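Asks: Take a look at this one; I'll ask things after.
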Amino acid sequence: MADTSQLTSGVAERYASSLFELALEQGAVESVTKDLDRFQAMLDESGDLKRFVSSPVFSADDQLKAIVAISEKAGISGFFANFLKVVARNRRLFALPGMIRAFRIIAANHRGEITAEVTSAHALTAAQETELKAALKGVTGKDVAIAVTIDPSILGGLIVKVGSRQIDTSLRTKLSTLKLALKEVG
């Protein structure tokens, strides 16, 4: 089976870049970012929405109707609501998580920040986010914007990606390492 991650990444970057340029022209980067965050939170909380977005089974019309209803219910309007409609019409919903990540990176670069992708087993509190940003700023020497993704399968801890560097302090990884060490001893 062919690797589609590169294709998805290219699609996501092109769409995110177009959305950012339009939002920048209209002075709406901040409102689009808030809508993106709201939609990402809905994706993180709903397995059904995640499956819907990634499923090729639904027709473009079904995806469009559902996205319009979801946007209205979530109070998402303006550029991002229109963007979601275009993405659904073009049958590119599968790339939406990548589009959100790419938009955040583009926006952070525009602000002169570096972006850190953080995976956590549960939502971070505001205090935890502030502490993490401060720690990452100390390491990188730049202001850091963080994009948090919730993944309960890591059990605990964090996985932090900054540029090409990754720090994995997840409980899942620590347990895997321990399991491997025990196999080598026994």
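Order determines the names: the first chain of the structure tokens is A, the second B, and so forth; residues in each chain are numbered 1 upward, and ligands are numbered 1 upward as they are shown.
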List the neighbours of Leu36 in chain A out to 9 Å using only C-alpha atoms; skip same-chain residues closer than 3 positions along the sequence, and give me the result as a ChimeraX atom specification.

Replies: /A:31-33,39-41,76,80,100,103-104

Asks: DSSP on the backbone: which residues in range 117-179 of chain A end up as helix (DSSP H, G or I)? Give the answer as a ChimeraX atom specification.

Replies: /A:126-140,152-154,171-179

Asks: Sort by chain and increasing residue number a table of all residues of range 70-142 of chain A within 10 Å of range 19-24 of chain A, each with its closest pair of atoms and their distance in Å to one decimal, counting only C-alpha atoms, and write it as CSV.

Replies:
```
residue,atom,partner,partner_atom,distance
A:Gly78,CA,A:Ala23,CA,9.9
A:Phe79,CA,A:Ala23,CA,7.1
A:Phe80,CA,A:Leu19,CA,7.9
A:Asn82,CA,A:Leu19,CA,10.0
A:Phe83,CA,A:Leu19,CA,7.2
A:Met99,CA,A:Leu19,CA,9.3
A:Ala102,CA,A:Phe20,CA,9.7
A:Phe103,CA,A:Phe20,CA,6.5
A:Arg104,CA,A:Phe20,CA,9.2
A:Ile106,CA,A:Phe20,CA,7.4
A:Ala107,CA,A:Phe20,CA,7.2
A:His110,CA,A:Phe20,CA,9.8
```

Asks: Can you pull out every residue within 6 Å of range 153-167 of chain A, counting only C-alpha atoms, but drop anything in the same chain fewer than 4 positions away, and send it as number ranges by chain?

Replies: A: 116-121, 171-172

Asks: Which residues are close to Asp44 in chain A, i.e. within 12 Å by only C-alpha atoms, leaving aside same-chain residues fewer than 2 positions away? Reply as an NGL selection string.

Replies: :A and (37-42 or 46-51 or 53 or 97 or 119-123 or 148-152)

Asks: Could you write out that same residue set with N, CA, C and O atoms as a compact mmCIF listing (two decimals), in the first residue's frame?

Replies:
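selection-v9.txt was written with the following content:
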```
# COMPACT_ATOMS: atom_id res chain seq x y z
N ASP A 37 -8.92 26.33 17.02
CA ASP A 37 -8.76 25.72 18.34
C ASP A 37 -10.06 25.06 18.80
O ASP A 37 -10.04 23.95 19.35
N ARG A 38 -11.17 25.73 18.55
CA ARG A 38 -12.47 25.19 18.94
C ARG A 38 -12.76 23.89 18.17
O ARG A 38 -13.21 22.90 18.73
N PHE A 39 -12.47 23.90 16.86
CA PHE A 39 -12.72 22.71 16.06
C PHE A 39 -11.78 21.57 16.47
O PHE A 39 -12.20 20.42 16.54
N GLN A 40 -10.51 21.90 16.75
CA GLN A 40 -9.56 20.87 17.19
C GLN A 40 -10.01 20.26 18.51
O GLN A 40 -9.91 19.05 18.70
N ALA A 41 -10.53 21.07 19.41
CA ALA A 41 -11.04 20.55 20.69
C ALA A 41 -12.20 19.59 20.44
O ALA A 41 -12.30 18.55 21.09
N MET A 42 -13.07 19.94 19.48
CA MET A 42 -14.19 19.04 19.16
C MET A 42 -13.66 17.73 18.59
O MET A 42 -14.17 16.66 18.93
N SER A 46 -14.38 14.05 20.41
CA SER A 46 -15.38 13.20 19.77
C SER A 46 -14.76 12.18 18.82
O SER A 46 -14.27 12.54 17.74
N GLY A 47 -14.82 10.94 19.21
CA GLY A 47 -14.36 9.86 18.33
C GLY A 47 -15.20 9.77 17.07
O GLY A 47 -14.69 9.47 15.99
N ASP A 48 -16.50 10.07 17.20
CA ASP A 48 -17.39 10.03 16.03
C ASP A 48 -16.99 11.10 15.01
O ASP A 48 -16.96 10.83 13.81
N LEU A 49 -16.69 12.30 15.48
CA LEU A 49 -16.29 13.36 14.56
C LEU A 49 -14.95 13.01 13.91
O LEU A 49 -14.77 13.22 12.70
N LYS A 50 -14.04 12.45 14.68
CA LYS A 50 -12.74 12.04 14.14
C LYS A 50 -12.92 11.00 13.03
O LYS A 50 -12.30 11.09 11.98
N ARG A 51 -13.80 10.02 13.28
CA ARG A 51 -14.07 8.99 12.27
C ARG A 51 -14.74 9.59 11.04
O ARG A 51 -14.42 9.24 9.91
N VAL A 53 -14.49 12.67 9.87
CA VAL A 53 -13.52 13.48 9.13
C VAL A 53 -12.58 12.58 8.31
O VAL A 53 -12.23 12.91 7.19
N PRO A 97 -6.95 17.64 10.15
CA PRO A 97 -6.03 17.75 11.30
C PRO A 97 -4.66 18.30 10.88
O PRO A 97 -4.07 19.13 11.58
N THR A 119 1.81 16.35 22.70
CA THR A 119 0.80 15.32 22.85
C THR A 119 0.72 14.98 24.32
O THR A 119 1.74 14.70 24.96
N SER A 120 -0.50 15.02 24.84
CA SER A 120 -0.73 14.77 26.26
C SER A 120 -1.86 13.75 26.42
O SER A 120 -2.73 13.66 25.57
N ALA A 121 -1.84 13.02 27.51
CA ALA A 121 -2.90 12.05 27.78
C ALA A 121 -4.20 12.74 28.16
O ALA A 121 -5.28 12.18 28.00
N HIS A 122 -4.11 13.96 28.67
CA HIS A 122 -5.29 14.72 29.07
C HIS A 122 -5.05 16.20 28.80
O HIS A 122 -3.90 16.62 28.58
N ALA A 123 -6.08 16.99 28.85
CA ALA A 123 -5.97 18.43 28.59
C ALA A 123 -5.06 19.08 29.63
O ALA A 123 -5.10 18.72 30.82
N VAL A 148 -1.52 21.60 21.36
CA VAL A 148 -1.72 20.42 22.18
C VAL A 148 -2.71 19.48 21.51
O VAL A 148 -3.78 19.89 21.07
N THR A 149 -2.32 18.22 21.43
CA THR A 149 -3.19 17.16 20.94
C THR A 149 -3.39 16.18 22.09
O THR A 149 -2.43 15.82 22.77
N ILE A 150 -4.62 15.76 22.29
CA ILE A 150 -4.93 14.82 23.36
C ILE A 150 -4.91 13.41 22.80
O ILE A 150 -5.58 13.12 21.81
N ASP A 151 -4.14 12.52 23.45
CA ASP A 151 -4.06 11.12 23.05
C ASP A 151 -3.98 10.27 24.31
O ASP A 151 -2.90 10.06 24.86
N PRO A 152 -5.13 9.77 24.78
CA PRO A 152 -5.15 8.99 26.02
C PRO A 152 -4.28 7.73 25.96
O PRO A 152 -3.89 7.20 26.99
```

Asks: Range 4-168 of chain A: which residues are strand (DSSP E) by DSSP, as a list in words?

Replies: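 Listing strand (DSSP E) positions across range 4-168 of chain A yields Ile114, Thr115, Ala116, Glu117, Val118, Thr119, Ser120, Val144, Ala145, Ile146, Ala147, Val148, Thr149, Ile150, Leu158, Ile159, Val160, Lys161, Val162, Arg165, Gln166, Ile167 and Asp168 of chain A.
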
Asks: Quick check, in Å to one decimal: how far apart do CA of Val144 in chain A and CA of Gly112 in chain A lie?

Replies: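 Between CA of Val144 in chain A and CA of Gly112 in chain A the gap works out to 9.1 Å.
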
Asks: What is the distance between CA of Lys174 in chain A and CA of Leu124 in chain A, in Å to one decimal?

Replies: 20.4 Å

Asks: Smallest atom-to-atom distance to Val87 in chain A: which of A:Leu175, A:Leu180, A:Ala74, A:Ala60, using only C-alpha atoms?

Replies: A:Ala60

Asks: Excluding Leu64 in chain A and its own-chain neighbours fewer than 2 positions away, which residues fall within 7 Å of it when counting only C-alpha atoms? Please give them as a list of chain:residue names.

Replies: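 My reading of the contact set: A:Ala60, A:Asp61, A:Asp62, A:Ala66, A:Ile67, A:Val68, A:Lys85, A:Ala88, A:Arg89.
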